[in-house]
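K.L.:
Structure in structure tokens, see below.
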Amino acid sequence: MSAPFIMDHPLIQHKLSFLRDKNTGSKEFRELICEIAMLMCYEATRNLTLEEVEIETPICKTKTKVVAGKKLALVPILRAGLGMVDGVLKMVPAAKVGHIGLYRDPETKEPHEYYCKLPNDIASRDVIVLDPMLATGGSAIDAIRMLKQKGVSAIKFMCIIAAPEGLAALTKAHPDVQVYCAALDQCLNEHAYIVPGLGDAGDRIFGTK
């Protein structure tokens, strides 16, 4: 079981403070989500395989390195996960993007699938699952289970804020999945919201209530 990677980089923590602020509007919130995802992608892709190639600079021919091996796919959990996609794509523009739609039952807090569209070659790709919030862990657990059923074997999960309860549930259900997050918060409240958290990420990204 891999320990979660908590990203305490000063730039991420700085942007996270504004992300949490209830007075931050949707436009700035979206920009911050995108920027934090881009910074987190740097660490989440650290172990990508490289291969040596020969190029010609304006001065001479030289050998240098490019990303090799499996290609990447990003799978945001709808709808809040969409906010992280552009930031990661700026770093890895050749990645394909799939989508998994899950909604949480307001009574049971359990996730239910309503949409799944993945690249045809998803099983041959390294996959990063994106969701700003890891609360109960139910949506992340189900999304990763769906990917494994499609034959995906290399999966990472990237969130911005995690609750201890959700992190424990996810690592227990999928101990082979490396988790990356920017902050591990205190707990969940009685409504399964992360404390202190930032509220409902989807509502704040898209300006809904």
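Identifiers in the structure tokens: chain A, B, ... in order shown; residue index from 1 per chain; ligand index from 1 in order shown.
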Would you mind listing what lies within 10 Å of segment 83-98 of chain A as a short mmCIF file (atom, residue, chain, number, x, y, z; two decimals) with all heavy atoms, in the first residue's frame, with only C-alpha atoms counted and same-chain residues fewer than 3 positions away left out?

P.N.:
data_model
loop_
_atom_site.label_atom_id
_atom_site.label_comp_id
_atom_site.auth_asym_id
_atom_site.auth_seq_id
_atom_site.Cartn_x
_atom_site.Cartn_y
_atom_site.Cartn_z
N PHE A 29 -12.27 30.92 -8.84
CA PHE A 29 -12.25 29.56 -8.32
C PHE A 29 -11.83 28.58 -9.41
O PHE A 29 -10.99 27.71 -9.20
CB PHE A 29 -13.64 29.20 -7.76
CG PHE A 29 -13.66 27.92 -6.96
CD1 PHE A 29 -13.45 27.95 -5.58
CD2 PHE A 29 -13.90 26.70 -7.57
CE1 PHE A 29 -13.48 26.77 -4.83
CE2 PHE A 29 -13.93 25.52 -6.83
CZ PHE A 29 -13.72 25.57 -5.47
N ARG A 30 -12.43 28.73 -10.60
CA ARG A 30 -12.07 27.85 -11.73
C ARG A 30 -10.60 28.00 -12.09
O ARG A 30 -9.91 27.01 -12.38
CB ARG A 30 -12.94 28.17 -12.95
CG ARG A 30 -14.36 27.68 -12.85
CD ARG A 30 -15.08 27.75 -14.19
NE ARG A 30 -15.23 29.12 -14.66
CZ ARG A 30 -16.29 29.88 -14.39
NH1 ARG A 30 -17.27 29.40 -13.65
NH2 ARG A 30 -16.36 31.11 -14.87
N GLU A 31 -10.13 29.24 -12.10
CA GLU A 31 -8.73 29.48 -12.45
C GLU A 31 -7.79 28.85 -11.42
O GLU A 31 -6.76 28.28 -11.78
CB GLU A 31 -8.47 30.99 -12.55
CG GLU A 31 -9.17 31.64 -13.74
CD GLU A 31 -9.12 33.16 -13.69
OE1 GLU A 31 -8.74 33.71 -12.62
OE2 GLU A 31 -9.48 33.80 -14.70
N LEU A 32 -8.15 28.93 -10.16
CA LEU A 32 -7.32 28.36 -9.10
C LEU A 32 -7.30 26.83 -9.18
O LEU A 32 -6.25 26.21 -9.01
CB LEU A 32 -7.84 28.81 -7.73
CG LEU A 32 -7.57 30.27 -7.36
CD1 LEU A 32 -8.44 30.70 -6.19
CD2 LEU A 32 -6.09 30.48 -7.03
N ILE A 33 -8.47 26.22 -9.43
CA ILE A 33 -8.54 24.76 -9.59
C ILE A 33 -7.61 24.32 -10.72
O ILE A 33 -6.86 23.35 -10.60
CB ILE A 33 -9.99 24.31 -9.88
CG1 ILE A 33 -10.86 24.43 -8.64
CG2 ILE A 33 -10.01 22.89 -10.45
CD1 ILE A 33 -10.82 23.25 -7.70
N CYS A 34 -7.68 25.04 -11.83
CA CYS A 34 -6.85 24.73 -12.99
C CYS A 34 -5.37 24.85 -12.66
O CYS A 34 -4.56 23.97 -13.00
CB CYS A 34 -7.23 25.65 -14.15
SG CYS A 34 -6.29 25.41 -15.66
N GLU A 35 -4.99 25.93 -11.99
CA GLU A 35 -3.59 26.18 -11.66
C GLU A 35 -3.06 25.15 -10.67
O GLU A 35 -1.94 24.65 -10.81
CB GLU A 35 -3.43 27.59 -11.09
CG GLU A 35 -3.66 28.69 -12.12
CD GLU A 35 -3.82 30.06 -11.49
OE1 GLU A 35 -3.77 30.16 -10.23
OE2 GLU A 35 -4.01 31.03 -12.24
N ILE A 36 -3.86 24.81 -9.66
CA ILE A 36 -3.43 23.81 -8.68
C ILE A 36 -3.27 22.44 -9.33
O ILE A 36 -2.31 21.72 -9.07
CB ILE A 36 -4.41 23.75 -7.49
CG1 ILE A 36 -4.34 25.06 -6.69
CG2 ILE A 36 -4.12 22.56 -6.59
CD1 ILE A 36 -5.41 25.19 -5.63
N ALA A 37 -4.21 22.09 -10.21
CA ALA A 37 -4.12 20.81 -10.92
C ALA A 37 -2.85 20.75 -11.77
O ALA A 37 -2.19 19.71 -11.85
CB ALA A 37 -5.36 20.61 -11.79
N MET A 38 -2.51 21.86 -12.40
CA MET A 38 -1.30 21.91 -13.23
C MET A 38 -0.06 21.69 -12.37
O MET A 38 0.84 20.93 -12.74
CB MET A 38 -1.23 23.26 -13.96
CG MET A 38 -0.08 23.38 -14.92
SD MET A 38 -0.28 24.74 -16.12
CE MET A 38 -0.84 26.07 -15.09
N LEU A 39 0.00 22.33 -11.21
CA LEU A 39 1.14 22.17 -10.32
C LEU A 39 1.21 20.74 -9.76
O LEU A 39 2.29 20.16 -9.64
CB LEU A 39 1.05 23.17 -9.16
CG LEU A 39 1.24 24.64 -9.56
CD1 LEU A 39 0.85 25.56 -8.40
CD2 LEU A 39 2.69 24.91 -9.96
N MET A 40 0.05 20.17 -9.44
CA MET A 40 0.03 18.80 -8.91
C MET A 40 0.43 17.79 -9.97
O MET A 40 1.05 16.76 -9.66
CB MET A 40 -1.37 18.48 -8.37
CG MET A 40 -1.77 19.28 -7.15
SD MET A 40 -3.40 18.81 -6.52
CE MET A 40 -3.04 17.18 -5.84
N CYS A 41 0.10 18.06 -11.22
CA CYS A 41 0.44 17.16 -12.31
C CYS A 41 1.94 16.96 -12.42
O CYS A 41 2.41 15.87 -12.77
CB CYS A 41 -0.13 17.70 -13.62
SG CYS A 41 0.32 16.76 -15.08
N TYR A 42 2.69 17.99 -12.09
CA TYR A 42 4.15 17.91 -12.13
C TYR A 42 4.65 16.74 -11.30
O TYR A 42 5.53 15.98 -11.72
CB TYR A 42 4.74 19.23 -11.64
CG TYR A 42 6.24 19.27 -11.55
CD1 TYR A 42 7.02 19.52 -12.67
CD2 TYR A 42 6.89 19.05 -10.34
CE1 TYR A 42 8.40 19.55 -12.60
CE2 TYR A 42 8.27 19.06 -10.26
CZ TYR A 42 9.02 19.32 -11.39
OH TYR A 42 10.38 19.34 -11.31
N ALA A 44 2.63 14.20 -10.00
CA ALA A 44 1.93 12.95 -10.33
C ALA A 44 2.51 12.26 -11.55
O ALA A 44 2.30 11.06 -11.76
CB ALA A 44 0.44 13.23 -10.54
N THR A 45 3.24 13.01 -12.39
CA THR A 45 3.83 12.42 -13.60
C THR A 45 5.35 12.24 -13.46
O THR A 45 6.04 11.96 -14.44
CB THR A 45 3.56 13.31 -14.83
OG1 THR A 45 4.03 14.64 -14.57
CG2 THR A 45 2.07 13.37 -15.13
N LYS A 71 0.86 5.62 -22.87
CA LYS A 71 0.30 6.96 -22.99
C LYS A 71 -0.65 7.22 -21.82
O LYS A 71 -1.16 6.30 -21.19
CB LYS A 71 -0.43 7.12 -24.32
CG LYS A 71 0.47 6.89 -25.54
CD LYS A 71 1.62 7.87 -25.59
CE LYS A 71 2.45 7.68 -26.86
NZ LYS A 71 3.59 8.60 -26.92
N LEU A 72 -0.92 8.49 -21.59
CA LEU A 72 -1.77 8.88 -20.46
C LEU A 72 -3.23 9.06 -20.86
O LEU A 72 -3.54 9.43 -22.00
CB LEU A 72 -1.28 10.19 -19.86
CG LEU A 72 -0.13 10.14 -18.84
CD1 LEU A 72 0.21 11.56 -18.42
CD2 LEU A 72 -0.50 9.31 -17.63
N ALA A 73 -4.11 8.82 -19.90
CA ALA A 73 -5.52 9.19 -20.02
C ALA A 73 -5.94 9.86 -18.72
O ALA A 73 -5.52 9.44 -17.64
CB ALA A 73 -6.39 7.97 -20.31
N LEU A 74 -6.73 10.89 -18.84
CA LEU A 74 -7.30 11.58 -17.69
C LEU A 74 -8.76 11.22 -17.59
O LEU A 74 -9.47 11.24 -18.59
CB LEU A 74 -7.14 13.09 -17.84
CG LEU A 74 -5.76 13.60 -18.24
CD1 LEU A 74 -5.79 15.11 -18.44
CD2 LEU A 74 -4.72 13.20 -17.23
N VAL A 75 -9.22 10.89 -16.39
CA VAL A 75 -10.62 10.53 -16.20
C VAL A 75 -11.18 11.35 -15.05
O VAL A 75 -11.03 10.99 -13.88
CB VAL A 75 -10.82 9.03 -15.94
CG1 VAL A 75 -12.30 8.71 -15.73
CG2 VAL A 75 -10.26 8.20 -17.10
N PRO A 76 -11.80 12.50 -15.36
CA PRO A 76 -12.45 13.28 -14.30
C PRO A 76 -13.76 12.62 -13.88
O PRO A 76 -14.47 12.04 -14.69
CB PRO A 76 -12.72 14.62 -14.98
CG PRO A 76 -12.86 14.29 -16.44
CD PRO A 76 -11.91 13.16 -16.68
N ILE A 77 -14.03 12.69 -12.58
CA ILE A 77 -15.33 12.26 -12.07
C ILE A 77 -16.26 13.47 -12.16
O ILE A 77 -15.99 14.52 -11.57
CB ILE A 77 -15.22 11.75 -10.62
CG1 ILE A 77 -14.28 10.54 -10.55
CG2 ILE A 77 -16.60 11.40 -10.07
CD1 ILE A 77 -14.03 10.01 -9.15
N LEU A 78 -17.32 13.32 -12.94
CA LEU A 78 -18.24 14.43 -13.15
C LEU A 78 -19.00 14.74 -11.87
O LEU A 78 -19.31 13.85 -11.10
CB LEU A 78 -19.24 14.09 -14.28
CG LEU A 78 -18.61 13.70 -15.63
CD1 LEU A 78 -19.71 13.36 -16.63
CD2 LEU A 78 -17.72 14.79 -16.16
N ARG A 79 -19.23 16.04 -11.64
CA ARG A 79 -18.89 17.09 -12.59
C ARG A 79 -17.69 17.90 -12.15
O ARG A 79 -17.02 18.54 -12.95
CB ARG A 79 -20.12 18.00 -12.78
CG ARG A 79 -20.53 18.70 -11.52
CD ARG A 79 -21.81 19.50 -11.69
NE ARG A 79 -22.25 19.87 -10.38
CZ ARG A 79 -22.69 21.06 -10.00
NH1 ARG A 79 -22.76 22.01 -10.91
NH2 ARG A 79 -23.05 21.30 -8.77
N ALA A 80 -17.40 17.87 -10.83
CA ALA A 80 -16.34 18.73 -10.30
C ALA A 80 -14.97 18.39 -10.88
O ALA A 80 -14.12 19.27 -11.04
CB ALA A 80 -16.30 18.63 -8.77
N CYS A 116 -20.62 6.94 -18.38
CA CYS A 116 -19.26 6.43 -18.49
C CYS A 116 -18.86 6.40 -19.96
O CYS A 116 -19.47 5.68 -20.75
CB CYS A 116 -19.14 5.04 -17.87
SG CYS A 116 -17.45 4.37 -17.95
N LYS A 117 -17.87 7.20 -20.34
CA LYS A 117 -17.36 7.23 -21.71
C LYS A 117 -15.85 7.31 -21.62
O LYS A 117 -15.28 8.30 -21.13
CB LYS A 117 -17.92 8.46 -22.45
CG LYS A 117 -17.48 8.55 -23.91
CD LYS A 117 -18.14 7.49 -24.77
CE LYS A 117 -17.84 7.72 -26.25
NZ LYS A 117 -18.45 6.68 -27.11
N LEU A 118 -15.18 6.25 -22.11
CA LEU A 118 -13.74 6.15 -21.98
C LEU A 118 -13.08 5.92 -23.34
O LEU A 118 -13.73 5.39 -24.25
CB LEU A 118 -13.38 4.98 -21.05
CG LEU A 118 -13.96 5.04 -19.63
CD1 LEU A 118 -13.75 3.71 -18.93
CD2 LEU A 118 -13.33 6.18 -18.84
N PRO A 119 -11.82 6.30 -23.50
CA PRO A 119 -11.10 6.01 -24.75
C PRO A 119 -11.10 4.50 -25.03
O PRO A 119 -11.04 3.69 -24.09
CB PRO A 119 -9.68 6.52 -24.48
CG PRO A 119 -9.85 7.55 -23.41
CD PRO A 119 -10.98 7.07 -22.56
N ASN A 120 -11.15 4.14 -26.31
CA ASN A 120 -11.20 2.72 -26.67
C ASN A 120 -9.99 1.95 -26.17
O ASN A 120 -10.08 0.76 -25.86
CB ASN A 120 -11.32 2.57 -28.20
CG ASN A 120 -12.66 3.04 -28.72
OD1 ASN A 120 -13.65 3.00 -28.00
ND2 ASN A 120 -12.69 3.49 -29.96
N ASP A 121 -8.84 2.63 -26.11
CA ASP A 121 -7.61 1.96 -25.69
C ASP A 121 -7.28 2.23 -24.23
O ASP A 121 -6.10 2.20 -23.83
CB ASP A 121 -6.45 2.39 -26.59
CG ASP A 121 -6.18 3.90 -26.51
OD1 ASP A 121 -7.01 4.62 -25.92
OD2 ASP A 121 -5.13 4.33 -27.04
N ILE A 122 -8.28 2.49 -23.41
CA ILE A 122 -8.06 2.87 -22.02
C ILE A 122 -7.23 1.83 -21.26
O ILE A 122 -6.42 2.17 -20.40
CB ILE A 122 -9.41 3.11 -21.29
CG1 ILE A 122 -9.19 3.75 -19.91
CG2 ILE A 122 -10.22 1.83 -21.16
CD1 ILE A 122 -8.76 5.16 -19.96
N ARG A 125 -3.43 2.37 -21.27
CA ARG A 125 -2.95 3.68 -20.84
C ARG A 125 -2.76 3.76 -19.33
O ARG A 125 -3.42 3.06 -18.57
CB ARG A 125 -3.93 4.78 -21.28
CG ARG A 125 -3.93 4.99 -22.79
CD ARG A 125 -4.93 6.04 -23.24
NE ARG A 125 -4.78 6.27 -24.66
CZ ARG A 125 -4.06 7.25 -25.21
NH1 ARG A 125 -3.47 8.14 -24.44
NH2 ARG A 125 -3.97 7.37 -26.52
N ASP A 126 -1.83 4.63 -18.92
CA ASP A 126 -1.74 5.03 -17.52
C ASP A 126 -2.85 6.05 -17.28
O ASP A 126 -2.99 7.00 -18.05
CB ASP A 126 -0.38 5.67 -17.22
CG ASP A 126 0.76 4.67 -17.26
OD1 ASP A 126 0.51 3.46 -17.11
OD2 ASP A 126 1.91 5.10 -17.45
N VAL A 127 -3.62 5.85 -16.23
CA VAL A 127 -4.81 6.69 -15.99
C VAL A 127 -4.65 7.50 -14.71
O VAL A 127 -4.23 6.97 -13.68
CB VAL A 127 -6.08 5.82 -15.92
CG1 VAL A 127 -7.29 6.68 -15.53
CG2 VAL A 127 -6.33 5.13 -17.25
N ILE A 128 -4.98 8.78 -14.81
CA ILE A 128 -5.07 9.64 -13.63
C ILE A 128 -6.53 10.03 -13.45
O ILE A 128 -7.12 10.67 -14.32
CB ILE A 128 -4.21 10.90 -13.75
CG1 ILE A 128 -2.73 10.54 -14.00
CG2 ILE A 128 -4.32 11.75 -12.48
CD1 ILE A 128 -1.83 11.74 -14.19
N VAL A 129 -7.13 9.60 -12.35
CA VAL A 129 -8.51 9.95 -12.02
C VAL A 129 -8.50 11.28 -11.28
O VAL A 129 -7.69 11.49 -10.35
CB VAL A 129 -9.16 8.86 -11.14
CG1 VAL A 129 -10.59 9.25 -10.77
CG2 VAL A 129 -9.16 7.52 -11.88
N LEU A 130 -9.38 12.20 -11.70
CA LEU A 130 -9.39 13.56 -11.16
C LEU A 130 -10.70 13.87 -10.44
O LEU A 130 -11.79 13.63 -10.97
CB LEU A 130 -9.21 14.57 -12.30
CG LEU A 130 -7.97 14.40 -13.19
CD1 LEU A 130 -8.06 15.37 -14.36
CD2 LEU A 130 -6.70 14.61 -12.40
N ASP A 131 -10.59 14.39 -9.23
CA ASP A 131 -11.75 14.88 -8.49
C ASP A 131 -11.22 15.83 -7.41
O ASP A 131 -10.34 15.43 -6.64
CB ASP A 131 -12.52 13.73 -7.83
CG ASP A 131 -13.93 14.13 -7.39
OD1 ASP A 131 -14.22 15.34 -7.36
OD2 ASP A 131 -14.73 13.24 -7.08
N PRO A 132 -11.68 17.08 -7.37
CA PRO A 132 -11.12 18.02 -6.40
C PRO A 132 -11.26 17.57 -4.95
O PRO A 132 -10.39 17.86 -4.13
CB PRO A 132 -11.93 19.31 -6.64
CG PRO A 132 -12.45 19.19 -8.03
CD PRO A 132 -12.68 17.72 -8.25
N MET A 158 -5.93 11.79 -8.17
CA MET A 158 -5.47 13.13 -7.83
C MET A 158 -6.63 13.98 -7.36
O MET A 158 -7.61 14.16 -8.08
CB MET A 158 -4.79 13.78 -9.05
CG MET A 158 -3.88 14.93 -8.70
SD MET A 158 -2.83 15.40 -10.11
CE MET A 158 -3.89 16.52 -10.98
N CYS A 159 -6.55 14.46 -6.12
CA CYS A 159 -7.57 15.35 -5.58
C CYS A 159 -6.87 16.55 -4.96
O CYS A 159 -5.66 16.54 -4.74
CB CYS A 159 -8.45 14.64 -4.56
SG CYS A 159 -7.58 14.11 -3.06
N ILE A 160 -7.64 17.57 -4.66
CA ILE A 160 -7.06 18.76 -4.04
C ILE A 160 -7.19 18.69 -2.53
O ILE A 160 -6.23 18.94 -1.80
CB ILE A 160 -7.70 20.04 -4.62
CG1 ILE A 160 -7.32 20.16 -6.11
CG2 ILE A 160 -7.24 21.29 -3.86
CD1 ILE A 160 -7.95 21.33 -6.83
N ALA A 201 -17.47 21.72 -4.41
CA ALA A 201 -16.57 22.15 -5.48
C ALA A 201 -17.31 22.33 -6.80
O ALA A 201 -17.06 23.29 -7.54
CB ALA A 201 -15.43 21.14 -5.64
N GLY A 202 -18.23 21.42 -7.12
CA GLY A 202 -18.99 21.54 -8.36
C GLY A 202 -19.80 22.82 -8.43
O GLY A 202 -19.79 23.52 -9.44
N ILE A 205 -17.40 25.77 -8.89
CA ILE A 205 -16.81 25.83 -10.24
C ILE A 205 -17.81 26.38 -11.25
O ILE A 205 -17.48 27.23 -12.08
CB ILE A 205 -16.33 24.43 -10.68
CG1 ILE A 205 -15.10 24.00 -9.87
CG2 ILE A 205 -16.00 24.42 -12.17
CD1 ILE A 205 -14.74 22.55 -10.04
N PHE A 206 -19.04 25.89 -11.17
CA PHE A 206 -20.02 26.21 -12.21
C PHE A 206 -21.04 27.26 -11.80
O PHE A 206 -21.93 27.61 -12.56
CB PHE A 206 -20.74 24.92 -12.64
CG PHE A 206 -19.80 23.91 -13.25
CD1 PHE A 206 -19.47 22.76 -12.56
CD2 PHE A 206 -19.23 24.13 -14.49
CE1 PHE A 206 -18.58 21.83 -13.10
CE2 PHE A 206 -18.35 23.21 -15.04
CZ PHE A 206 -18.03 22.06 -14.35
#

K.L.:
Write out as a VMD selection string all residues of segment 16-170 of chain A that backbone DSSP assigns to alpha helix (DSSP H).

P.N.:
chain A and resid 16 to 20 26 to 44 82 to 91 138 to 149 164 to 170

K.L.:
For each of A:Ala135, A:Asp142, A:Arg104, A:Thr24, take the minimum atom-to-atom distance to Cys187 of chain A, counting only C-alpha atoms, then give the residue where this is smallest.

P.N.:
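The closest residue to Cys187 of chain A is A:Ala135.
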
K.L.:
Which of segment 11-124 of chain A counts as strand (DSSP E) under DSSP, as a ChimeraX atom specification please?

P.N.:
/A:50-56,61-67,72-78,96-97,99-104,111-117

K.L.:
Got time to write the residues from that selection, N, CA and C atoms, as a compact mmCIF listing (two decimals), in the first residue's frame?

P.N.:
# COMPACT_ATOMS: atom_id res chain seq x y z
N LEU A 50 11.05 7.61 -19.76
CA LEU A 50 11.68 8.42 -20.79
C LEU A 50 12.48 7.53 -21.75
N GLU A 51 12.62 8.01 -22.98
CA GLU A 51 13.49 7.34 -23.93
C GLU A 51 14.38 8.39 -24.60
N GLU A 52 15.55 7.93 -25.06
CA GLU A 52 16.50 8.84 -25.67
C GLU A 52 16.25 8.97 -27.17
N VAL A 53 16.28 10.21 -27.65
CA VAL A 53 16.12 10.46 -29.08
C VAL A 53 17.23 11.42 -29.53
N GLU A 54 17.44 11.46 -30.84
CA GLU A 54 18.43 12.39 -31.38
C GLU A 54 17.71 13.53 -32.09
N ILE A 55 18.09 14.76 -31.75
CA ILE A 55 17.52 15.94 -32.41
C ILE A 55 18.68 16.83 -32.87
N GLU A 56 18.32 17.85 -33.62
CA GLU A 56 19.34 18.80 -34.04
C GLU A 56 18.98 20.19 -33.53
N LYS A 61 23.84 18.36 -33.60
CA LYS A 61 23.01 17.22 -33.23
C LYS A 61 23.31 16.83 -31.80
N THR A 62 22.27 16.36 -31.10
CA THR A 62 22.45 15.95 -29.71
C THR A 62 21.42 14.91 -29.34
N LYS A 63 21.69 14.19 -28.29
CA LYS A 63 20.73 13.22 -27.77
C LYS A 63 20.02 13.81 -26.58
N THR A 64 18.70 13.62 -26.53
CA THR A 64 17.90 14.16 -25.43
C THR A 64 16.79 13.17 -25.12
N LYS A 65 15.90 13.52 -24.21
CA LYS A 65 14.90 12.55 -23.74
C LYS A 65 13.47 13.06 -23.98
N VAL A 66 12.59 12.11 -24.29
CA VAL A 66 11.17 12.39 -24.44
C VAL A 66 10.39 11.32 -23.68
N VAL A 67 9.14 11.62 -23.37
CA VAL A 67 8.29 10.66 -22.66
C VAL A 67 8.02 9.46 -23.56
N LEU A 72 -0.92 8.49 -21.59
CA LEU A 72 -1.77 8.88 -20.46
C LEU A 72 -3.23 9.06 -20.86
N ALA A 73 -4.11 8.82 -19.90
CA ALA A 73 -5.52 9.19 -20.02
C ALA A 73 -5.94 9.86 -18.72
N LEU A 74 -6.73 10.89 -18.84
CA LEU A 74 -7.30 11.58 -17.69
C LEU A 74 -8.76 11.22 -17.59
N VAL A 75 -9.22 10.89 -16.39
CA VAL A 75 -10.62 10.53 -16.20
C VAL A 75 -11.18 11.35 -15.05
N PRO A 76 -11.80 12.50 -15.36
CA PRO A 76 -12.45 13.28 -14.30
C PRO A 76 -13.76 12.62 -13.88
N ILE A 77 -14.03 12.69 -12.58
CA ILE A 77 -15.33 12.26 -12.07
C ILE A 77 -16.26 13.47 -12.16
N LEU A 78 -17.32 13.32 -12.94
CA LEU A 78 -18.24 14.43 -13.15
C LEU A 78 -19.00 14.74 -11.87
N LYS A 96 -5.46 11.53 -23.58
CA LYS A 96 -6.87 11.40 -23.91
C LYS A 96 -7.69 11.60 -22.63
N VAL A 97 -8.97 11.95 -22.82
CA VAL A 97 -9.82 12.24 -21.67
C VAL A 97 -11.08 11.39 -21.73
N HIS A 99 -14.64 10.17 -19.25
CA HIS A 99 -15.51 10.78 -18.25
C HIS A 99 -16.31 9.71 -17.52
N ILE A 100 -16.38 9.84 -16.21
CA ILE A 100 -17.24 8.97 -15.41
C ILE A 100 -18.18 9.87 -14.60
N GLY A 101 -19.47 9.65 -14.75
CA GLY A 101 -20.46 10.44 -14.04
C GLY A 101 -21.04 9.67 -12.88
N LEU A 102 -20.90 10.22 -11.68
CA LEU A 102 -21.44 9.61 -10.47
C LEU A 102 -22.14 10.70 -9.66
N TYR A 103 -23.30 10.38 -9.12
CA TYR A 103 -23.94 11.34 -8.21
C TYR A 103 -24.14 10.67 -6.87
N ARG A 104 -24.17 11.50 -5.83
CA ARG A 104 -24.28 10.99 -4.47
C ARG A 104 -25.72 11.10 -3.99
N PRO A 111 -22.63 6.61 -3.90
CA PRO A 111 -22.55 7.07 -5.28
C PRO A 111 -23.33 6.17 -6.24
N HIS A 112 -23.88 6.78 -7.29
CA HIS A 112 -24.60 6.05 -8.33
C HIS A 112 -24.09 6.50 -9.70
N GLU A 113 -23.82 5.55 -10.58
CA GLU A 113 -23.30 5.86 -11.91
C GLU A 113 -24.43 6.35 -12.82
N TYR A 114 -24.15 7.40 -13.61
CA TYR A 114 -25.09 7.83 -14.62
C TYR A 114 -24.44 8.03 -15.98
N TYR A 115 -23.09 7.96 -16.04
CA TYR A 115 -22.42 8.16 -17.32
C TYR A 115 -21.02 7.56 -17.27
N CYS A 116 -20.62 6.94 -18.38
CA CYS A 116 -19.26 6.43 -18.49
C CYS A 116 -18.86 6.40 -19.96
N LYS A 117 -17.87 7.20 -20.34
CA LYS A 117 -17.36 7.23 -21.71
C LYS A 117 -15.85 7.31 -21.62

K.L.:
For Ala182 of chain A, which of A:Glu43, A:Asp21, A:Glu110, A:Glu28 is the closest residue, counting only C-alpha atoms?

P.N.:
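Looking only at the distances to Ala182 of chain A, the closest residue turns out to be A:Glu43.
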
K.L.:
Which of these, A:Lys70, A:Leu198, A:Ala123, A:Glu165, has the shortest distance to Gly151 of chain A once you count only C-alpha atoms?

P.N.:
A:Ala123

K.L.:
Let me make sure I understand: among A:His191, A:Ile141, A:Gly199, A:Gly25, which one has the smallest atom-to-atom distance to Thr171 of chain A if we use only C-alpha atoms?

P.N.:
A:Ile141

K.L.:
Write out as number ranges by chain each polymer residue whose atoms come within 8 Å of Gly166 of chain A, counting only C-alpha atoms; drop sequence neighbours fewer than 6 positions from it.

P.N.:
A: 134-138

K.L.:
Set the distance at 9 Å and use only C-alpha atoms: which residues neighbour Ile6 of chain A once local chain neighbours fewer than 2 positions away are removed? I'd like the list as a list in words.

P.N.:
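That gives Pro4, Asp8, Val179, Tyr180, Cys181, Ala182, Ala183 and Leu184 of chain A.
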
K.L.:
Quick one: distance from atom CA of Arg20 of chain A to atom CA of Pro175 of chain A in Å, one decimal?

P.N.:
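Between atom CA of Arg20 of chain A and atom CA of Pro175 of chain A the gap is 29.0 Å.
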
K.L.:
Neighbouring residues of Leu188 of chain A were defined as those with any atom within 7 Å, considering only C-alpha atoms; residues of the same chain fewer than 3 positions away were excluded. Please report them as a ChimeraX atom specification.

P.N.:
/A:135,163,192-195

K.L.:
To one decimal place in Å, what is the distance between atom CA of Ser153 of chain A and atom CA of Met133 of chain A?

P.N.:
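The value is 23.0 Å.
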
K.L.:
Rank A:Lys172, A:Lys209, A:Lys156, A:Asp105 by their smallest atom-to-atom distance to Phe5 of chain A, using only C-alpha atoms, and report the top residue only.

P.N.:
A:Lys156

K.L.:
Could you work out how far atom CA of Gly197 of chain A lies from atom CA of Ala154 of chain A, giving the answer in Å with one decimal?

P.N.:
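One can read the atom CA of Ala154 of chain A to atom CA of Gly197 of chain A distance as 28.8 Å.
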